[in-house]
Amino acid sequence: MKYYKTSEIAKLAGVHPNTVRLYEDINFIPKAERKENGYRVFNDIHLEQIRLARMALKCELLQNGLRKQAIDIIKTSSAGDYENAINKTQEFLSNLEKEQHNAEEAIDISKDLISNVKNEKSTLNLTRKETAQYLDVTIDTLRNWELNGLVTVERKENGYRIYTDKEIRFLKIIKALRCANYSLMSILRMLKAVSENRTENIKKIIDTPYESEEIITSCDRLITSILNSKNTALLMLKQLGKMKRKFK
């Protein structure tokens with residue numbers, strides 16, 4: 001087995017030496033041996049573990065504990081329990097599959113709701129409180145969606161907002177997409193396209209940020225982020241299998 005100084009292993013792993021020290025402090029890699037002069041000495045286990053950690057941290061999704069799962073995999077592998085780390089990675093991949101299913105199902109629900117908006121006759125006239133109860137969301141949630149421009153609700157002469165079938169259908173779309181973890185920005189992008197009668201490819205629209213969007217998160221391009229994370233999880237399984245064969 002080869003041995004490395006901090007600067008050497010950092011260069012091989014493509015990270016800063018301070019990152020190596022940080023990973024040791026937070027148990028992302030095993031504790032390094034130390035020479036009599038106090039300098040750290042790393043080996044091939046540390047090198048492969050750093051590579052695994054770098055892979056896992058590429059998973060940018062935070063919802064439903066996915067980030068915590070990725071970190072747990074890193075620490076489990078760091079402890080040398082590769083079999084358990086592999087099992088946890090397979091579970092992580094399964095959870096990503098569920099996220100993908102939810103994201104795509106929300107798109108299908110939205111398409112069905114959108115197709116009925118134009119020809120719908122209005123039968124509902126609900127207050128904000130009644131609408132919140134009808135949709136099983138809080139009044140603050142409705143207010144937040146309105147403040148972010150996701151839906152516009154007209155007021156009656158007395159100043160109260162009245163939600164008709166059209167607004168409620170759009171609110172159902174918003175709720176379905178938010179439950180699937182789409183960002184407010186991506187939903188707004190999709191609803192803008194709907195208002196402009198650009199409904200030919202809702203899935204692509206909601207997953208493609210505008211060039212003008214200065215800050216882009218994983219949930220602004222949710223489906224792409226999920227697919228990228230799935231590919232990363234497969235690479236993690238391959239890396240863990242290699243480590244298990246090599247170091248056990």
# chains A, B, ... in the order shown; residues from 1 in each chain; ligands from 1
call {"tool": "residues_around", "arguments": {"residues": "Glu104 of chain A", "least_positions_apart": "5", "cutoff": "10 Å", "atoms": "only C-alpha atoms", "output": "JSON, numbers by chain"}}
result
{"A": [98, 99, 109, 110, 177, 180, 203, 222, 223]}
call {"tool": "residues_around", "arguments": {"residues": "Cys219 of chain A", "least_positions_apart": "4", "cutoff": "10 Å", "atoms": "only C-alpha atoms", "output": "list in words"}}
result
Glu60, Leu61, Leu62, Gln63, Arg178, Ala180, Asn181, Tyr182, Ser183, Leu184, Met185, Ser186, Ile206, Asp207, Ile223, Thr224, Ser225 and Ile226 of chain A
call {"tool": "write_last_selection", "arguments": {"atoms": "N, CA, C and O atoms", "output": "short mmCIF file (atom, residue, chain, number, x, y, z; two decimals), in the first residue's frame"}}
result
data_model
loop_
_atom_site.label_atom_id
_atom_site.label_comp_id
_atom_site.auth_asym_id
_atom_site.auth_seq_id
_atom_site.Cartn_x
_atom_site.Cartn_y
_atom_site.Cartn_z
N GLU A 60 -26.88 17.05 -5.39
CA GLU A 60 -27.25 18.38 -4.92
C GLU A 60 -28.65 18.46 -4.34
O GLU A 60 -29.07 19.51 -3.87
N LEU A 61 -29.41 17.37 -4.37
CA LEU A 61 -30.77 17.38 -3.85
C LEU A 61 -30.79 17.35 -2.33
O LEU A 61 -30.11 16.55 -1.71
N LEU A 62 -31.59 18.22 -1.74
CA LEU A 62 -31.65 18.34 -0.29
C LEU A 62 -32.93 17.76 0.30
O LEU A 62 -32.97 17.41 1.48
N GLN A 63 -33.99 17.68 -0.51
CA GLN A 63 -35.31 17.34 0.02
C GLN A 63 -35.37 15.89 0.52
O GLN A 63 -34.64 15.03 0.08
N ARG A 178 -45.43 21.57 -6.05
CA ARG A 178 -44.69 21.85 -4.81
C ARG A 178 -44.51 20.59 -3.98
O ARG A 178 -43.45 20.38 -3.39
N ALA A 180 -44.06 17.75 -5.12
CA ALA A 180 -43.00 16.98 -5.79
C ALA A 180 -41.66 17.70 -5.73
O ALA A 180 -40.69 17.26 -6.33
N ASN A 181 -41.62 18.83 -4.99
CA ASN A 181 -40.39 19.59 -4.73
C ASN A 181 -39.91 20.47 -5.87
O ASN A 181 -38.74 20.87 -5.89
N TYR A 182 -40.78 20.80 -6.82
CA TYR A 182 -40.41 21.81 -7.81
C TYR A 182 -40.32 23.16 -7.11
O TYR A 182 -41.09 23.47 -6.20
N SER A 183 -39.39 23.99 -7.56
CA SER A 183 -39.21 25.31 -6.97
C SER A 183 -40.30 26.26 -7.43
O SER A 183 -40.96 26.04 -8.46
N LEU A 184 -40.49 27.35 -6.67
CA LEU A 184 -41.46 28.37 -7.05
C LEU A 184 -41.09 28.97 -8.41
O LEU A 184 -41.97 29.25 -9.23
N MET A 185 -39.79 29.15 -8.65
CA MET A 185 -39.35 29.73 -9.92
C MET A 185 -39.69 28.83 -11.10
O MET A 185 -40.15 29.30 -12.15
N SER A 186 -39.48 27.52 -10.94
CA SER A 186 -39.78 26.61 -12.05
C SER A 186 -41.28 26.54 -12.31
O SER A 186 -41.71 26.44 -13.46
N ILE A 206 -40.47 23.29 -17.57
CA ILE A 206 -40.32 23.38 -16.11
C ILE A 206 -38.92 22.97 -15.67
O ILE A 206 -38.47 23.32 -14.57
N ASP A 207 -38.20 22.28 -16.53
CA ASP A 207 -36.87 21.79 -16.18
C ASP A 207 -35.74 22.61 -16.81
O ASP A 207 -34.57 22.28 -16.66
N ILE A 223 -35.92 17.55 -12.55
CA ILE A 223 -35.77 16.24 -13.20
C ILE A 223 -34.32 16.00 -13.59
O ILE A 223 -33.78 14.90 -13.40
N THR A 224 -33.67 17.02 -14.14
CA THR A 224 -32.25 16.90 -14.50
C THR A 224 -31.41 16.59 -13.27
O THR A 224 -30.51 15.74 -13.30
N SER A 225 -31.69 17.28 -12.16
CA SER A 225 -30.94 17.06 -10.92
C SER A 225 -31.12 15.64 -10.40
O SER A 225 -30.16 15.02 -9.93
N ILE A 226 -32.34 15.13 -10.50
CA ILE A 226 -32.59 13.75 -10.06
C ILE A 226 -31.83 12.76 -10.93
O ILE A 226 -31.19 11.83 -10.42
#
call {"tool": "closest_residue", "arguments": {"among": "A:Cys179, A:Met243, A:Gln133, A:Ile114", "to": "Val194 of chain A", "atoms": "only C-alpha atoms"}}
result
A:Ile114
call {"tool": "residues_around", "arguments": {"residues": "Asn18 of chain A", "least_positions_apart": "4", "cutoff": "10 Å", "atoms": "only C-alpha atoms", "output": "list in words"}}
result
Thr6, Ser7, Ala10, Leu22, Tyr23 and Glu24 of chain A
call {"tool": "closest_residue", "arguments": {"among": "A:Lys31, A:Lys244, A:Lys156, A:Arg51", "to": "Asn84 of chain A", "atoms": "only C-alpha atoms"}}
result
A:Lys244
call {"tool": "residues_around", "arguments": {"residues": "Ala193 of chain A", "least_positions_apart": "2", "cutoff": "12 Å", "atoms": "only C-alpha atoms", "output": "PyMOL selection string"}}
result
chain A and resi 114+150+186-191+195-206+208+210
call {"tool": "write_last_selection", "arguments": {"atoms": "N, CA, C and O atoms", "output": "PDB file, in the first residue's frame"}}
result
ATOM      1  N   ILE A 114     -54.371  21.425 -16.760  1.00  0.00           N
ATOM      2  CA  ILE A 114     -54.253  22.512 -17.737  1.00  0.00           C
ATOM      3  C   ILE A 114     -55.213  22.312 -18.894  1.00  0.00           C
ATOM      4  O   ILE A 114     -55.827  23.264 -19.387  1.00  0.00           O
ATOM      5  N   LEU A 150     -47.542  33.364  -8.574  1.00  0.00           N
ATOM      6  CA  LEU A 150     -47.944  32.096  -9.179  1.00  0.00           C
ATOM      7  C   LEU A 150     -49.409  32.112  -9.610  1.00  0.00           C
ATOM      8  O   LEU A 150     -49.794  31.404 -10.536  1.00  0.00           O
ATOM      9  N   SER A 186     -39.483  27.521 -10.943  1.00  0.00           N
ATOM     10  CA  SER A 186     -39.776  26.608 -12.053  1.00  0.00           C
ATOM     11  C   SER A 186     -41.282  26.537 -12.312  1.00  0.00           C
ATOM     12  O   SER A 186     -41.714  26.443 -13.463  1.00  0.00           O
ATOM     13  N   ILE A 187     -42.087  26.606 -11.249  1.00  0.00           N
ATOM     14  CA  ILE A 187     -43.540  26.592 -11.415  1.00  0.00           C
ATOM     15  C   ILE A 187     -43.995  27.874 -12.112  1.00  0.00           C
ATOM     16  O   ILE A 187     -44.846  27.839 -13.014  1.00  0.00           O
ATOM     17  N   LEU A 188     -43.443  29.006 -11.698  1.00  0.00           N
ATOM     18  CA  LEU A 188     -43.775  30.282 -12.328  1.00  0.00           C
ATOM     19  C   LEU A 188     -43.419  30.248 -13.811  1.00  0.00           C
ATOM     20  O   LEU A 188     -44.165  30.751 -14.664  1.00  0.00           O
ATOM     21  N   ARG A 189     -42.270  29.658 -14.132  1.00  0.00           N
ATOM     22  CA  ARG A 189     -41.828  29.515 -15.518  1.00  0.00           C
ATOM     23  C   ARG A 189     -42.851  28.716 -16.329  1.00  0.00           C
ATOM     24  O   ARG A 189     -43.213  29.080 -17.450  1.00  0.00           O
ATOM     25  N   MET A 190     -43.352  27.628 -15.738  1.00  0.00           N
ATOM     26  CA  MET A 190     -44.317  26.791 -16.426  1.00  0.00           C
ATOM     27  C   MET A 190     -45.653  27.503 -16.598  1.00  0.00           C
ATOM     28  O   MET A 190     -46.265  27.468 -17.671  1.00  0.00           O
ATOM     29  N   LEU A 191     -46.130  28.164 -15.545  1.00  0.00           N
ATOM     30  CA  LEU A 191     -47.417  28.856 -15.603  1.00  0.00           C
ATOM     31  C   LEU A 191     -47.374  30.011 -16.602  1.00  0.00           C
ATOM     32  O   LEU A 191     -48.381  30.309 -17.260  1.00  0.00           O
ATOM     33  N   SER A 195     -49.870  30.510 -19.778  1.00  0.00           N
ATOM     34  CA  SER A 195     -50.607  31.745 -20.082  1.00  0.00           C
ATOM     35  C   SER A 195     -50.333  32.229 -21.499  1.00  0.00           C
ATOM     36  O   SER A 195     -51.145  32.944 -22.096  1.00  0.00           O
ATOM     37  N   GLU A 196     -49.186  31.818 -22.055  1.00  0.00           N
ATOM     38  CA  GLU A 196     -48.826  32.187 -23.426  1.00  0.00           C
ATOM     39  C   GLU A 196     -49.171  31.079 -24.414  1.00  0.00           C
ATOM     40  O   GLU A 196     -48.754  31.112 -25.579  1.00  0.00           O
ATOM     41  N   ASN A 197     -49.951  30.093 -23.927  1.00  0.00           N
ATOM     42  CA  ASN A 197     -50.385  28.957 -24.755  1.00  0.00           C
ATOM     43  C   ASN A 197     -49.223  28.122 -25.285  1.00  0.00           C
ATOM     44  O   ASN A 197     -49.309  27.515 -26.353  1.00  0.00           O
ATOM     45  N   ARG A 198     -48.106  28.112 -24.534  1.00  0.00           N
ATOM     46  CA  ARG A 198     -46.961  27.264 -24.905  1.00  0.00           C
ATOM     47  C   ARG A 198     -46.986  26.013 -24.031  1.00  0.00           C
ATOM     48  O   ARG A 198     -46.245  25.890 -23.080  1.00  0.00           O
ATOM     49  N   THR A 199     -47.867  25.103 -24.337  1.00  0.00           N
ATOM     50  CA  THR A 199     -48.049  23.910 -23.488  1.00  0.00           C
ATOM     51  C   THR A 199     -47.606  22.628 -24.186  1.00  0.00           C
ATOM     52  O   THR A 199     -47.925  21.533 -23.745  1.00  0.00           O
ATOM     53  N   GLU A 200     -46.846  22.777 -25.298  1.00  0.00           N
ATOM     54  CA  GLU A 200     -46.478  21.597 -26.072  1.00  0.00           C
ATOM     55  C   GLU A 200     -45.467  20.715 -25.357  1.00  0.00           C
ATOM     56  O   GLU A 200     -45.419  19.506 -25.581  1.00  0.00           O
ATOM     57  N   ASN A 201     -44.633  21.303 -24.480  1.00  0.00           N
ATOM     58  CA  ASN A 201     -43.624  20.498 -23.777  1.00  0.00           C
ATOM     59  C   ASN A 201     -43.419  21.027 -22.367  1.00  0.00           C
ATOM     60  O   ASN A 201     -42.393  21.639 -22.061  1.00  0.00           O
ATOM     61  N   ILE A 202     -44.418  20.793 -21.527  1.00  0.00           N
ATOM     62  CA  ILE A 202     -44.390  21.283 -20.152  1.00  0.00           C
ATOM     63  C   ILE A 202     -43.183  20.734 -19.395  1.00  0.00           C
ATOM     64  O   ILE A 202     -42.530  21.456 -18.632  1.00  0.00           O
ATOM     65  N   LYS A 203     -42.858  19.474 -19.616  1.00  0.00           N
ATOM     66  CA  LYS A 203     -41.766  18.833 -18.892  1.00  0.00           C
ATOM     67  C   LYS A 203     -40.443  19.529 -19.165  1.00  0.00           C
ATOM     68  O   LYS A 203     -39.640  19.758 -18.256  1.00  0.00           O
ATOM     69  N   LYS A 204     -40.201  19.896 -20.416  1.00  0.00           N
ATOM     70  CA  LYS A 204     -38.960  20.574 -20.775  1.00  0.00           C
ATOM     71  C   LYS A 204     -38.943  21.992 -20.220  1.00  0.00           C
ATOM     72  O   LYS A 204     -37.920  22.470 -19.707  1.00  0.00           O
ATOM     73  N   ILE A 205     -40.071  22.680 -20.308  1.00  0.00           N
ATOM     74  CA  ILE A 205     -40.154  24.066 -19.842  1.00  0.00           C
ATOM     75  C   ILE A 205     -39.868  24.168 -18.352  1.00  0.00           C
ATOM     76  O   ILE A 205     -39.096  25.022 -17.904  1.00  0.00           O
ATOM     77  N   ILE A 206     -40.472  23.293 -17.566  1.00  0.00           N
ATOM     78  CA  ILE A 206     -40.321  23.384 -16.109  1.00  0.00           C
ATOM     79  C   ILE A 206     -38.915  22.971 -15.668  1.00  0.00           C
ATOM     80  O   ILE A 206     -38.471  23.322 -14.566  1.00  0.00           O
ATOM     81  N   THR A 208     -36.101  23.703 -17.499  1.00  0.00           N
ATOM     82  CA  THR A 208     -35.089  24.505 -18.195  1.00  0.00           C
ATOM     83  C   THR A 208     -35.143  25.955 -17.741  1.00  0.00           C
ATOM     84  O   THR A 208     -36.005  26.721 -18.188  1.00  0.00           O
ATOM     85  N   TYR A 210     -34.526  29.936 -17.362  1.00  0.00           N
ATOM     86  CA  TYR A 210     -34.217  31.005 -18.309  1.00  0.00           C
ATOM     87  C   TYR A 210     -32.774  31.462 -18.113  1.00  0.00           C
ATOM     88  O   TYR A 210     -32.222  31.373 -17.026  1.00  0.00           O
TER      89      TYR A 210
END
call {"tool": "closest_residue", "arguments": {"among": "A:Tyr134, A:Tyr4, A:Phe28, A:Phe92", "to": "Thr232 of chain A", "atoms": "only C-alpha atoms"}}
result
A:Phe92
